[in-house]
file input20.pdb (PDB, C-alpha atoms)
ATOM      1  CA  GLY A   1      -1.027  17.600  17.700
ATOM      2  CA  GLU A   2      -4.625  17.219  16.644
ATOM      3  CA  ASN A   3      -6.574  14.047  17.537
ATOM      4  CA  VAL A   4      -9.797  13.280  15.685
ATOM      5  CA  GLU A   5     -12.147  10.589  16.946
ATOM      6  CA  GLN A   6     -15.012   9.239  14.863
ATOM      7  CA  HIS A   7     -18.081   7.176  15.780
ATOM      8  CA  PRO A   8     -19.572   4.777  14.989
ATOM      9  CA  SER A   9     -17.067   2.585  13.161
ATOM     10  CA  THR A  10     -19.882   0.767  11.355
ATOM     11  CA  LEU A  11     -23.429   1.844  10.615
ATOM     12  CA  SER A  12     -26.270   0.029   8.864
ATOM     13  CA  VAL A  13     -29.485   1.793   7.917
ATOM     14  CA  GLN A  14     -32.518   0.953   5.846
ATOM     15  CA  GLU A  15     -32.852   2.709   2.537
ATOM     16  CA  GLY A  16     -34.669   5.994   3.035
ATOM     17  CA  ASP A  17     -33.630   6.381   6.665
ATOM     18  CA  SER A  18     -31.132   8.955   7.934
ATOM     19  CA  ALA A  19     -27.532   8.310   8.918
ATOM     20  CA  VAL A  20     -25.497  10.346  11.390
ATOM     21  CA  ILE A  21     -21.741  10.144  11.901
ATOM     22  CA  LYS A  22     -20.040  12.060  14.697
ATOM     23  CA  CYS A  23     -16.508  13.323  15.171
ATOM     24  CA  THR A  24     -14.662  15.122  17.933
ATOM     25  CA  TYR A  25     -11.382  16.984  17.725
ATOM     26  CA  SER A  26      -8.890  18.084  20.335
ATOM     27  CA  ASP A  27      -7.143  21.185  18.986
ATOM     28  CA  SER A  28      -9.270  24.293  19.401
ATOM     29  CA  ALA A  29      -7.155  25.991  16.703
ATOM     30  CA  SER A  30      -8.601  23.700  14.012
ATOM     31  CA  ASN A  31     -11.025  25.645  11.873
ATOM     32  CA  TYR A  32     -11.653  23.623   8.745
ATOM     33  CA  PHE A  33     -13.560  20.317   8.732
ATOM     34  CA  PRO A  34     -13.985  18.334   5.505
ATOM     35  CA  TRP A  35     -15.830  15.051   5.090
ATOM     36  CA  TYR A  36     -14.684  12.420   2.608
ATOM     37  CA  LYS A  37     -16.401   9.405   1.075
ATOM     38  CA  GLN A  38     -14.213   6.465   0.102
ATOM     39  CA  GLU A  39     -15.522   3.661  -2.066
ATOM     40  CA  LEU A  40     -13.769   0.333  -2.325
ATOM     41  CA  GLY A  41     -10.544   0.561  -4.281
ATOM     42  CA  LYS A  42     -10.742   4.324  -4.686
ATOM     43  CA  GLY A  43      -9.263   7.345  -3.011
ATOM     44  CA  PRO A  44     -11.285   9.554  -0.665
ATOM     45  CA  GLN A  45     -13.578  12.079  -2.347
ATOM     46  CA  LEU A  46     -14.609  15.340  -0.705
ATOM     47  CA  ILE A  47     -18.385  15.487  -0.205
ATOM     48  CA  ILE A  48     -18.842  18.523   2.032
ATOM     49  CA  ASP A  49     -16.802  20.798   4.247
ATOM     50  CA  ILE A  50     -17.406  23.451   6.882
ATOM     51  CA  ARG A  51     -15.415  26.329   8.309
ATOM     52  CA  SER A  52     -15.461  27.254  11.961
ATOM     53  CA  ASN A  53     -17.350  30.498  11.415
ATOM     54  CA  VAL A  54     -20.381  28.500  10.275
ATOM     55  CA  GLY A  55     -22.550  26.262  12.448
ATOM     56  CA  GLU A  56     -24.284  24.288   9.739
ATOM     57  CA  LYS A  57     -23.992  23.674   6.026
ATOM     58  CA  LYS A  58     -26.292  21.722   3.747
ATOM     59  CA  ASP A  59     -25.944  20.320   0.240
ATOM     60  CA  GLN A  60     -29.018  18.420  -0.958
ATOM     61  CA  ARG A  61     -29.256  15.256   1.184
ATOM     62  CA  ILE A  62     -26.019  15.933   3.061
ATOM     63  CA  ALA A  63     -25.542  18.326   5.959
ATOM     64  CA  VAL A  64     -22.765  18.996   8.420
ATOM     65  CA  THR A  65     -23.069  20.656  11.810
ATOM     66  CA  LEU A  66     -20.278  22.088  13.932
ATOM     67  CA  ASN A  67     -20.167  22.865  17.643
ATOM     68  CA  LYS A  68     -16.921  24.743  18.287
ATOM     69  CA  THR A  69     -17.452  24.979  22.016
ATOM     70  CA  ALA A  70     -17.799  21.233  22.396
ATOM     71  CA  LYS A  71     -15.294  20.553  19.605
ATOM     72  CA  HIS A  72     -17.489  18.180  17.715
ATOM     73  CA  PHE A  73     -18.983  18.018  14.255
ATOM     74  CA  SER A  74     -21.418  15.652  12.580
ATOM     75  CA  LEU A  75     -22.399  14.438   9.125
ATOM     76  CA  HIS A  76     -26.066  13.884   8.406
ATOM     77  CA  ILE A  77     -27.282  11.992   5.353
ATOM     78  CA  THR A  78     -31.039  11.976   4.790
ATOM     79  CA  GLU A  79     -33.102   9.712   2.529
ATOM     80  CA  THR A  80     -30.199   7.293   2.239
ATOM     81  CA  GLN A  81     -29.736   5.305  -0.945
ATOM     82  CA  PRO A  82     -27.731   2.114  -1.606
ATOM     83  CA  GLU A  83     -25.130   4.147  -3.485
ATOM     84  CA  ASP A  84     -24.399   6.013  -0.251
ATOM     85  CA  SER A  85     -22.776   2.797   1.023
ATOM     86  CA  ALA A  86     -19.067   3.547   1.524
ATOM     87  CA  VAL A  87     -16.537   4.467   4.209
ATOM     88  CA  TYR A  88     -16.836   8.051   5.414
ATOM     89  CA  PHE A  89     -13.979   9.984   6.992
ATOM     90  CA  CYS A  90     -14.065  13.225   8.891
ATOM     91  CA  ALA A  91     -10.979  15.418   9.096
ATOM     92  CA  ALA A  92      -9.783  18.569  10.783
ATOM     93  CA  SER A  93      -7.143  21.111   9.919
ATOM     94  CA  LEU A  94      -6.210  24.735  10.123
ATOM     95  CA  ILE A  95      -7.718  26.521   7.139
ATOM     96  CA  ASN A  96      -4.214  27.448   6.001
ATOM     97  CA  GLY A  97      -2.704  24.257   7.289
ATOM     98  CA  ASN A  98      -0.913  21.612   5.280
ATOM     99  CA  GLN A  99      -2.004  18.652   7.325
ATOM    100  CA  PHE A 100      -5.422  17.092   7.462
ATOM    101  CA  TYR A 101      -6.001  14.914  10.523
ATOM    102  CA  PHE A 102      -8.436  12.156   9.670
ATOM    103  CA  GLY A 103     -10.791  10.136  11.823
ATOM    104  CA  THR A 104     -10.713   6.338  11.685
ATOM    105  CA  GLY A 105     -13.687   6.087   9.341
ATOM    106  CA  THR A 106     -17.286   4.871   9.430
ATOM    107  CA  SER A 107     -18.374   2.042   7.171
ATOM    108  CA  LEU A 108     -21.937   2.874   6.129
ATOM    109  CA  THR A 109     -24.177   0.194   4.651
ATOM    110  CA  VAL A 110     -27.555   1.169   3.236
ATOM    111  CA  ILE A 111     -29.824  -1.855   3.053
ATOM    112  CA  PRO A 112     -32.249  -1.820   0.086
TER
ATOM    113  CA  GLY B   1     -10.639  15.728 -17.183
ATOM    114  CA  ALA B   2      -8.074  13.290 -15.848
ATOM    115  CA  GLY B   3      -7.819  12.921 -12.123
ATOM    116  CA  VAL B   4      -4.860  12.046  -9.945
ATOM    117  CA  SER B   5      -3.250   8.821 -11.085
ATOM    118  CA  GLN B   6      -0.918   6.544  -9.165
ATOM    119  CA  THR B   7       1.260   3.693 -10.296
ATOM    120  CA  PRO B   8       1.560   0.880  -9.663
ATOM    121  CA  SER B   9      -1.874   0.107  -8.290
ATOM    122  CA  ASN B  10      -0.410  -2.806  -6.350
ATOM    123  CA  LYS B  11       3.141  -3.576  -5.298
ATOM    124  CA  VAL B  12       4.395  -6.686  -3.542
ATOM    125  CA  THR B  13       7.967  -6.650  -2.330
ATOM    126  CA  GLU B  14      10.215  -8.439   0.115
ATOM    127  CA  LYS B  15      11.465  -7.082   3.391
ATOM    128  CA  GLY B  16      14.617  -5.063   2.873
ATOM    129  CA  LYS B  17      13.922  -4.104  -0.731
ATOM    130  CA  TYR B  18      13.619  -0.604  -2.187
ATOM    131  CA  VAL B  19      10.362   0.618  -3.746
ATOM    132  CA  GLU B  20       9.231   3.669  -5.683
ATOM    133  CA  LEU B  21       5.637   4.817  -5.893
ATOM    134  CA  ARG B  22       4.588   7.346  -8.507
ATOM    135  CA  CYS B  23       1.944  10.045  -8.471
ATOM    136  CA  ASP B  24       0.683  12.093 -11.427
ATOM    137  CA  PRO B  25      -1.321  15.042 -10.095
ATOM    138  CA  ILE B  26      -4.081  16.859 -11.901
ATOM    139  CA  SER B  27      -2.561  19.099 -14.567
ATOM    140  CA  GLY B  28      -1.974  22.604 -13.260
ATOM    141  CA  HIS B  29      -2.176  21.657  -9.583
ATOM    142  CA  THR B  30       0.788  23.120  -7.732
ATOM    143  CA  ALA B  31       0.228  21.434  -4.368
ATOM    144  CA  LEU B  32       0.807  17.713  -3.886
ATOM    145  CA  TYR B  33       0.363  15.568  -0.783
ATOM    146  CA  TRP B  34       1.301  12.024   0.186
ATOM    147  CA  TYR B  35      -0.694  10.095   2.777
ATOM    148  CA  ARG B  36      -0.460   6.567   4.149
ATOM    149  CA  GLN B  37      -3.611   4.605   4.998
ATOM    150  CA  SER B  38      -3.350   1.477   7.088
ATOM    151  CA  LEU B  39      -6.161  -1.059   7.145
ATOM    152  CA  GLY B  40      -9.180   0.285   8.984
ATOM    153  CA  GLN B  41      -7.630   3.692   9.550
ATOM    154  CA  GLY B  42      -7.924   7.130   8.087
ATOM    155  CA  PRO B  43      -5.216   8.593   5.870
ATOM    156  CA  GLU B  44      -2.122   9.798   7.714
ATOM    157  CA  PHE B  45      -0.202  12.784   6.376
ATOM    158  CA  LEU B  46       3.349  12.140   5.165
ATOM    159  CA  ILE B  47       4.590  15.088   3.099
ATOM    160  CA  TYR B  48       3.390  18.181   1.232
ATOM    161  CA  PHE B  49       4.969  19.760  -1.845
ATOM    162  CA  GLN B  50       4.335  23.248  -3.119
ATOM    163  CA  GLY B  51       5.872  23.291  -6.570
ATOM    164  CA  THR B  52       9.183  21.459  -6.539
ATOM    165  CA  GLY B  53       9.994  21.902  -2.863
ATOM    166  CA  ALA B  54       8.904  19.857   0.096
ATOM    167  CA  ALA B  55       7.133  22.522   2.133
ATOM    168  CA  ASP B  56       6.296  20.144   4.980
ATOM    169  CA  ASP B  57       7.811  16.702   5.472
ATOM    170  CA  SER B  58       6.958  16.393   9.147
ATOM    171  CA  GLY B  59       4.813  13.311   8.586
ATOM    172  CA  LEU B  60       7.537  11.093   7.163
ATOM    173  CA  PRO B  61       7.982   8.348   9.780
ATOM    174  CA  ASN B  62      11.764   7.952   9.468
ATOM    175  CA  ASP B  63      14.693   8.466   7.120
ATOM    176  CA  ARG B  64      13.841   5.380   5.073
ATOM    177  CA  PHE B  65      11.077   7.441   3.483
ATOM    178  CA  PHE B  66      11.860  10.127   0.934
ATOM    179  CA  ALA B  67       9.860  11.913  -1.755
ATOM    180  CA  VAL B  68      10.787  14.086  -4.709
ATOM    181  CA  ARG B  69       8.985  16.274  -7.192
ATOM    182  CA  PRO B  70      11.801  17.534  -9.448
ATOM    183  CA  GLU B  71       9.728  19.394 -12.042
ATOM    184  CA  GLY B  72       6.798  20.424  -9.910
ATOM    185  CA  SER B  73       4.429  17.878 -11.399
ATOM    186  CA  VAL B  74       5.010  14.113 -11.017
ATOM    187  CA  SER B  75       6.138  12.981  -7.584
ATOM    188  CA  THR B  76       7.843   9.797  -6.459
ATOM    189  CA  LEU B  77       7.699   8.392  -2.944
ATOM    190  CA  LYS B  78      10.733   6.256  -2.209
ATOM    191  CA  ILE B  79      10.999   3.715   0.586
ATOM    192  CA  GLN B  80      14.347   2.132   1.391
ATOM    193  CA  ARG B  81      14.899  -1.127   3.288
ATOM    194  CA  THR B  82      11.188  -1.843   3.427
ATOM    195  CA  GLU B  83       9.720  -3.396   6.553
ATOM    196  CA  ARG B  84       6.526  -5.396   6.999
ATOM    197  CA  GLY B  85       5.065  -2.469   8.922
ATOM    198  CA  ASP B  86       5.302  -0.336   5.786
ATOM    199  CA  SER B  87       2.456  -2.354   4.247
ATOM    200  CA  ALA B  88      -0.396   0.059   3.611
ATOM    201  CA  VAL B  89      -2.176   2.005   0.909
ATOM    202  CA  TYR B  90      -0.182   5.062  -0.115
ATOM    203  CA  LEU B  91      -2.440   7.858  -1.301
ATOM    204  CA  CYS B  92      -1.482  10.910  -3.290
ATOM    205  CA  ALA B  93      -3.601  14.062  -3.484
ATOM    206  CA  SER B  94      -3.242  17.333  -5.333
ATOM    207  CA  SER B  95      -4.860  20.726  -5.058
ATOM    208  CA  LEU B  96      -4.931  23.771  -7.275
ATOM    209  CA  GLY B  97      -2.881  25.939  -4.961
ATOM    210  CA  PRO B  98      -1.403  26.127  -1.503
ATOM    211  CA  PRO B  99      -3.410  26.566   1.699
ATOM    212  CA  ARG B 100      -4.059  30.294   2.141
ATOM    213  CA  THR B 101      -4.849  32.281   5.215
ATOM    214  CA  GLY B 102      -8.468  33.317   5.451
ATOM    215  CA  ILE B 103      -9.425  31.881   2.098
ATOM    216  CA  LYS B 104     -11.421  28.750   1.435
ATOM    217  CA  GLN B 105      -9.230  25.710   1.853
ATOM    218  CA  GLU B 106      -8.231  24.253  -1.476
ATOM    219  CA  THR B 107      -9.950  20.947  -2.143
ATOM    220  CA  GLN B 108      -7.594  17.992  -2.150
ATOM    221  CA  TYR B 109      -8.295  15.483  -4.919
ATOM    222  CA  PHE B 110      -7.102  11.990  -4.098
ATOM    223  CA  GLY B 111      -5.781   9.304  -6.400
ATOM    224  CA  PRO B 112      -6.815   5.625  -6.064
ATOM    225  CA  GLY B 113      -3.691   4.758  -4.098
ATOM    226  CA  THR B 114      -0.917   2.185  -4.347
ATOM    227  CA  ARG B 115      -1.403  -0.904  -2.216
ATOM    228  CA  LEU B 116       2.024  -1.891  -0.896
ATOM    229  CA  LEU B 117       2.549  -5.300   0.645
ATOM    230  CA  VAL B 118       5.905  -6.099   2.212
ATOM    231  CA  LEU B 119       6.425  -9.819   2.767
TER
END
call {"tool": "encode", "arguments": {"input": "input20.pdb", "output": "structure tokens"}}
result
Amino acid sequence: GENVEQHPSTLSVQEGDSAVIKCTYSDSASNYFPWYKQELGKGPQLIIDIRSNVGEKKDQRIAVTLNKTAKHFSLHITETQPEDSAVYFCAASLINGNQFYFGTGTSLTVIP
Amino acid sequence: GAGVSQTPSNKVTEKGKYVELRCDPISGHTALYWYRQSLGQGPEFLIYFQGTGAADDSGLPNDRFFAVRPEGSVSTLKIQRTERGDSAVYLCASSLGPPRTGIKQETQYFGPGTRLLVL
């Protein structure tokens, strides 16, 4: 089955700086990669996703890049704000698949 | 509108007991998923319902775990003879429709989870 690894497990940045979280996956058949943000006591919330026919996708301060050959994808948050502090999860699945395989999460702290 | 709701928010039980966890999906969502999230880990898939039927239950860890969705809306996850290792947050998610070949993956909307502690 699919194995998703995520790094780093914790990340602290100064407000206004950029944050980058990286994930790798093992199954070359995976072609859909969502990113979730989970705040304390809440369920994960989708923030951005990318399909394998696209190399990069951007939504305001958030961008995701995908390298299919290397089987890795990254989340980039620019101009970080304290409200960006949360745990972020990457995931991989087949675009018509039932199962999402999640990474182990990155706890992001944005220091004011 | 209302999101996915789960009850109870917290459940403490003793080893060997039976528990039921409830999920109310977003109205009109036909697909429903259960995940388990252990401390410091990402969610782990348990089971997927499309309508009333369990379309994929390959993630259920053993036969002590069972889930139903009799009317295609509310779902109940049932755990028999609970063990300490079952302690985790159980997350429910719903999406508008099933995964479809070649079409944008349906967004899964997660509930806040039920925190289960087995003593």
call {"tool": "resolve_selection", "arguments": {"input": "input20.pdb", "expression": "the PyMOL selection byres ((chain B and resi 52) around 10)", "output": "MDAnalysis selection string"}}
result
chainID B and resid 30:32 49:51 53:55 68:75
call {"tool": "interface_residues", "arguments": {"input": "input20.pdb", "of": "chain A", "to": "chain B", "cutoff": "12 Å", "atoms": "all atoms listed in the file", "output": "PyMOL selection string"}}
result
chain A and resi 1-6+9-10+31-53+87-107
call {"tool": "resolve_selection", "arguments": {"input": "input20.pdb", "expression": "the PyMOL selection byres ((chain B and resi 80) around 9)", "output": "list in words"}}
result
Gly16, Lys17, Tyr18, Val19, Glu20, Asp63, Arg64, Phe65, Phe66, Lys78, Ile79, Arg81, Thr82 and Glu83 of chain B
call {"tool": "write_last_selection", "arguments": {"input": "input20.pdb", "atoms": "C-alpha atoms", "output": "short mmCIF file (atom, residue, chain, number, x, y, z; two decimals), keeping the file's coordinate frame"}}
result
data_model
loop_
_atom_site.label_atom_id
_atom_site.label_comp_id
_atom_site.auth_asym_id
_atom_site.auth_seq_id
_atom_site.Cartn_x
_atom_site.Cartn_y
_atom_site.Cartn_z
CA GLY B 16 14.62 -5.06 2.87
CA LYS B 17 13.92 -4.10 -0.73
CA TYR B 18 13.62 -0.60 -2.19
CA VAL B 19 10.36 0.62 -3.75
CA GLU B 20 9.23 3.67 -5.68
CA ASP B 63 14.69 8.47 7.12
CA ARG B 64 13.84 5.38 5.07
CA PHE B 65 11.08 7.44 3.48
CA PHE B 66 11.86 10.13 0.93
CA LYS B 78 10.73 6.26 -2.21
CA ILE B 79 11.00 3.72 0.59
CA ARG B 81 14.90 -1.13 3.29
CA THR B 82 11.19 -1.84 3.43
CA GLU B 83 9.72 -3.40 6.55
#
call {"tool": "atom_distance", "arguments": {"input": "input20.pdb", "atom1": "CA of Ser87 in chain B", "atom2": "CA of Cys23 in chain B"}}
result
17.8 Å
call {"tool": "closest_residue", "arguments": {"input": "input20.pdb", "among": "B:Thr7, B:Thr76, B:Thr13, B:Ser27", "to": "Ser95 in chain B", "atoms": "all atoms listed in the file"}}
result
B:Ser27
call {"tool": "resolve_selection", "arguments": {"input": "input20.pdb", "expression": "the PyMOL selection byres ((chain A and resi 62) around 12)", "output": "MDAnalysis selection string"}}
result
chainID A and resid 18:21 35:37 47:49 56:61 63:65 74:81 84
call {"tool": "residues_around", "arguments": {"input": "input20.pdb", "residues": "Val13 in chain A", "least_positions_apart": "3", "cutoff": "7 Å", "atoms": "only C-alpha atoms", "output": "list of chain:residue names"}}
result
A:Asp17, A:Ala19, A:Thr109, A:Val110, A:Ile111
call {"tool": "atom_distance", "arguments": {"input": "input20.pdb", "atom1": "CA of Lys11 in chain B", "atom2": "CA of Leu119 in chain B"}}
result
10.7 Å
call {"tool": "atom_distance", "arguments": {"input": "input20.pdb", "atom1": "CA of Val12 in chain B", "atom2": "CA of Asp57 in chain B"}}
result
25.3 Å
